[in-house]
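Here is the structure we will look at, set down as structure tokens.
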Amino acid sequence: MDKLEWSGYVHKVATWDIPIPMNLINNYDDWKCRSIVGRSLFLMKDIEGAMTVLATVRDVQPNLEDAPEYGFSEAEHKVLCLRDLAEIVWGLTGTGDAPAFYLAEAYKLCRAYDKVFRAADRGRIWVRRLEIMRSCGLADKALQEASAMLESEKNGEKINPYCFRALIFMAEALAEKGDYLKACILIEEAYQYFPCNEATKRDLAEASAAENPQERYEKYLHCTTIQYQPWERDNVPTLEEVRRLQEENYRKRAAAKGDGGASDVNELINQLQN
């Protein structure tokens with residue numbers, strides 16, 4: 001990919017219906033900019049462009065100590081890139097080996113990174129490989145992996161995306177056989193590992209009220225498509241944190257212009273605080 005081609009992709013993303021600020025995407029030498037552009041192109045269904053850009057990120061080794069106060073860490077950028085590469089290759093080829101490889105690499109990073117993810121769903125990253133295995137005729141093996149994950153994780157953290165996704169995957173297998181009653185029981189168990197809020201409890205109660213097991217299962221399954229609140233605590237900054245970050249950015253921009261500007265900004269911030 002030459003610089004002219006890169007500039008075309010940046011312009012396309014910057015002028016999309018959901019435009020992304022230029023300062024987040026225009027620096028080719030920053031692989032995180034390429035990550036954002038590539039994933040945006042994928043959302044825009046420019047598959048060729050997405051593949052071209054994301055291929056430049058494929059072999060990047062993220063810094064696992066990177067933990068920004070706001071925005072994605074290097075680890076999360078890489079996980080999301082690998083996820084999208086897997087989906088692109090799966091859509092183009094319909095064969096599971098390469099997508100499974102990318103998803104396995106993404107899962108390793110999910111496990112290795114012990115800090116907060118802002119958007120990536122670690123459990124969803126893991127179970128996507130099992131879903132592809134199922135589509136490739138390896139349903140039994142995928143179910144064995146789901147069962148093993150549940151067994152290894154169920155006595156760990158109370159909120160656990162891996163247990164949640166494992167149980168949903170197993171419930172789907174039961175539903176495919178027409179055993180909706182047992183599938184519902186597994187989904188109910190899955191929500192013991194989910195960060196439920198009042199909206200979650202309301203929707204689950206509405207689903208459980210359905211007398212017909214198949215209808216109940218379908219309502220439960222719809223609930224699983226909704227992320228009622230973030231999986232990971234502290235992954236959304238407070239208003240105070242946002243304000244502090246804004247102040248820091250004001251000062252950095254002002255400092256680049258000289259001390260006089262910095263003094264003016266400090267005075268403005270003080271006025272806002274009073």
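Quick note on naming: the chains in the structure tokens go A, B, ... in the order shown, residues restart at 1 in each chain, and ligands are numbered from 1 in order of appearance.
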With only C-alpha atoms as the counted atoms, please give the residues lying no more than 8 Å from stretch 4-11 of chain A, apart from itself and same-chain residues fewer than 5 positions off, as number ranges by chain. A: 22, 25-26, 28, 37, 41, 49
Using DSSP secondary structure from the backbone, list all helix (DSSP H, G or I) positions within stretch 31-227 of chain A, as a ChimeraX atom specification. /A:31-43,47-54,74-93,97-112,122-135,139-153,161-176,180-193,198-208,213-224
Write out as a PyMOL selection string each polymer residue whose atoms come within 12 Å of A:Leu204, counting only C-alpha atoms; drop sequence neighbours fewer than 5 positions from it. chain A and resi 184+187-192+194+196-199+209-210+216-224+226+228
I need the chosen residues saved as a JSON list (two decimals), in the first residue's frame, with N, CA and C atoms.
[["chain", "number", "residue", "atom", "x", "y", "z"],
["A", 184, "CYS", "N", -33.35, -23.13, 27.59],
["A", 184, "CYS", "CA", -33.74, -22.00, 28.44],
["A", 184, "CYS", "C", -33.05, -22.07, 29.81],
["A", 187, "ILE", "N", -29.55, -20.82, 29.45],
["A", 187, "ILE", "CA", -29.46, -19.36, 29.30],
["A", 187, "ILE", "C", -29.70, -18.68, 30.64],
["A", 188, "GLU", "N", -30.64, -19.22, 31.40],
["A", 188, "GLU", "CA", -30.87, -18.66, 32.74],
["A", 188, "GLU", "C", -29.62, -18.77, 33.60],
["A", 189, "GLU", "N", -28.93, -19.90, 33.47],
["A", 189, "GLU", "CA", -27.67, -20.05, 34.21],
["A", 189, "GLU", "C", -26.61, -19.10, 33.69],
["A", 190, "ALA", "N", -26.59, -18.88, 32.38],
["A", 190, "ALA", "CA", -25.59, -17.99, 31.78],
["A", 190, "ALA", "C", -25.68, -16.59, 32.39],
["A", 191, "TYR", "N", -26.89, -16.14, 32.65],
["A", 191, "TYR", "CA", -27.05, -14.77, 33.16],
["A", 191, "TYR", "C", -26.60, -14.63, 34.62],
["A", 192, "GLN", "N", -26.22, -15.73, 35.24],
["A", 192, "GLN", "CA", -25.60, -15.63, 36.55],
["A", 192, "GLN", "C", -24.18, -15.05, 36.42],
["A", 194, "PHE", "N", -23.42, -12.67, 34.06],
["A", 194, "PHE", "CA", -23.56, -11.45, 33.26],
["A", 194, "PHE", "C", -23.72, -10.24, 34.17],
["A", 196, "CYS", "N", -25.71, -7.89, 35.12],
["A", 196, "CYS", "CA", -27.11, -7.51, 34.96],
["A", 196, "CYS", "C", -27.40, -6.16, 35.63],
["A", 197, "ASN", "N", -28.22, -5.37, 34.96],
["A", 197, "ASN", "CA", -28.77, -4.16, 35.57],
["A", 197, "ASN", "C", -30.30, -4.29, 35.55],
["A", 198, "GLU", "N", -30.97, -3.21, 35.88],
["A", 198, "GLU", "CA", -32.43, -3.30, 35.98],
["A", 198, "GLU", "C", -33.08, -3.62, 34.63],
["A", 199, "ALA", "N", -32.53, -3.08, 33.56],
["A", 199, "ALA", "CA", -33.08, -3.36, 32.23],
["A", 199, "ALA", "C", -32.91, -4.83, 31.87],
["A", 209, "ALA", "N", -41.56, -15.30, 31.35],
["A", 209, "ALA", "CA", -43.02, -15.41, 31.50],
["A", 209, "ALA", "C", -43.68, -16.12, 30.33],
["A", 210, "ALA", "N", -42.95, -16.28, 29.23],
["A", 210, "ALA", "CA", -43.51, -16.97, 28.07],
["A", 210, "ALA", "C", -43.72, -18.45, 28.40],
["A", 216, "ARG", "N", -40.07, -18.78, 24.70],
["A", 216, "ARG", "CA", -39.23, -18.31, 25.80],
["A", 216, "ARG", "C", -37.76, -18.28, 25.38],
["A", 217, "TYR", "N", -37.33, -19.35, 24.71],
["A", 217, "TYR", "CA", -35.94, -19.42, 24.25],
["A", 217, "TYR", "C", -35.64, -18.27, 23.30],
["A", 218, "GLU", "N", -36.53, -18.01, 22.35],
["A", 218, "GLU", "CA", -36.29, -16.94, 21.37],
["A", 218, "GLU", "C", -36.21, -15.58, 22.05],
["A", 219, "LYS", "N", -37.02, -15.37, 23.07],
["A", 219, "LYS", "CA", -36.95, -14.10, 23.81],
["A", 219, "LYS", "C", -35.64, -14.01, 24.60],
["A", 220, "TYR", "N", -35.26, -15.10, 25.20],
["A", 220, "TYR", "CA", -33.98, -15.12, 25.92],
["A", 220, "TYR", "C", -32.83, -14.85, 24.94],
["A", 221, "LEU", "N", -32.89, -15.50, 23.78],
["A", 221, "LEU", "CA", -31.82, -15.34, 22.80],
["A", 221, "LEU", "C", -31.72, -13.89, 22.34],
["A", 222, "HIS", "N", -32.85, -13.24, 22.22],
["A", 222, "HIS", "CA", -32.83, -11.82, 21.86],
["A", 222, "HIS", "C", -32.10, -11.01, 22.93],
["A", 223, "CYS", "N", -32.32, -11.35, 24.17],
["A", 223, "CYS", "CA", -31.63, -10.65, 25.26],
["A", 223, "CYS", "C", -30.11, -10.77, 25.13],
["A", 224, "THR", "N", -29.65, -11.91, 24.63],
["A", 224, "THR", "CA", -28.20, -12.11, 24.52],
["A", 224, "THR", "C", -27.58, -11.22, 23.47],
["A", 226, "ILE", "N", -28.13, -8.05, 23.33],
["A", 226, "ILE", "CA", -28.08, -6.71, 23.90],
["A", 226, "ILE", "C", -26.99, -6.64, 24.97],
["A", 228, "TYR", "N", -26.30, -4.81, 27.82],
["A", 228, "TYR", "CA", -27.02, -3.87, 28.67],
["A", 228, "TYR", "C", -26.08, -2.90, 29.37]]
Counting only C-alpha atoms, which of A:Lys32, A:Lys158, A:Lys108, A:Arg128 gets nearest to A:Ser73? A:Lys32
So what do you get for atom CA of A:Pro21 versus atom CA of A:Leu103, distance-wise? 28.9 Å
Test item: residues at most 10 Å from A:Pro68, only C-alpha atoms, excluding those fewer than 4 positions along its chain, as a PDB file with N, CA and C atoms, in the first residue's frame:
ATOM      1  N   PHE A  72      -8.741   3.230  23.350  1.00  0.00           N
ATOM      2  CA  PHE A  72      -8.322   1.838  23.300  1.00  0.00           C
ATOM      3  C   PHE A  72      -6.834   1.702  23.584  1.00  0.00           C
ATOM      4  N   SER A  73      -6.479   0.645  24.280  1.00  0.00           N
ATOM      5  CA  SER A  73      -5.077   0.279  24.460  1.00  0.00           C
ATOM      6  C   SER A  73      -4.566  -0.358  23.173  1.00  0.00           C
ATOM      7  N   GLU A  74      -3.232  -0.505  23.090  1.00  0.00           N
ATOM      8  CA  GLU A  74      -2.657  -1.189  21.932  1.00  0.00           C
ATOM      9  C   GLU A  74      -3.181  -2.624  21.839  1.00  0.00           C
ATOM     10  N   LYS A 115      -5.555  -5.566  31.785  1.00  0.00           N
ATOM     11  CA  LYS A 115      -6.128  -4.241  32.046  1.00  0.00           C
ATOM     12  C   LYS A 115      -7.449  -4.106  31.300  1.00  0.00           C
ATOM     13  N   VAL A 116      -8.063  -2.948  31.396  1.00  0.00           N
ATOM     14  CA  VAL A 116      -9.434  -2.774  30.911  1.00  0.00           C
ATOM     15  C   VAL A 116      -9.513  -2.696  29.385  1.00  0.00           C
TER      16      VAL A 116
END
What gap, in Å, lies between atom CA of A:Glu232 and atom CA of A:Arg129? 21.6 Å
Residues within 8 Å of A:Ile36, only C-alpha atoms, excluding chain neighbours under 3 positions, as a ChimeraX atom specification: /A:24-25,32-33,39-40,77
Selection near A:Pro230, 12 Å with only C-alpha atoms, sequence-local residues under 5 positions removed, as number ranges by chain: A: 116-122, 159-161, 194-197, 235-237
If you keep C-alpha atoms, can you produce a file of those selected residues as a short mmCIF file (atom, residue, chain, number, x, y, z; two decimals), in the first residue's frame?
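The result, written out as part.cif:
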data_model
loop_
_atom_site.label_atom_id
_atom_site.label_comp_id
_atom_site.auth_asym_id
_atom_site.auth_seq_id
_atom_site.Cartn_x
_atom_site.Cartn_y
_atom_site.Cartn_z
CA VAL A 116 -9.43 -2.77 30.91
CA PHE A 117 -10.90 -3.20 27.44
CA ARG A 118 -13.22 -0.37 26.41
CA ALA A 119 -15.23 -2.21 23.76
CA ALA A 120 -13.87 -5.66 22.95
CA ASP A 121 -15.95 -8.50 24.41
CA ARG A 122 -13.40 -11.13 25.46
CA ILE A 159 -18.93 -11.83 36.24
CA ASN A 160 -17.37 -13.98 33.56
CA PRO A 161 -17.81 -13.47 29.79
CA PHE A 194 -23.56 -11.45 33.26
CA PRO A 195 -23.34 -7.87 34.61
CA CYS A 196 -27.11 -7.51 34.96
CA ASN A 197 -28.77 -4.16 35.57
CA ASN A 235 -14.07 1.00 31.22
CA VAL A 236 -16.16 4.15 30.92
CA PRO A 237 -14.54 7.35 32.23
#
Residues at most 10 Å from A:Pro62, counting only C-alpha atoms, excluding those fewer than 3 positions away in the same chain, as a list in words? Trp31, Lys32, Val57, Asp59, Glu65, Asp66, Ser73, Glu74, Ala75, Glu76, His77, Lys78, Val79 and Leu109 of chain A
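Atom CA of A:Met170 to atom CA of A:Ala142 spans 9.4 Å [interatomic distance, one decimal].
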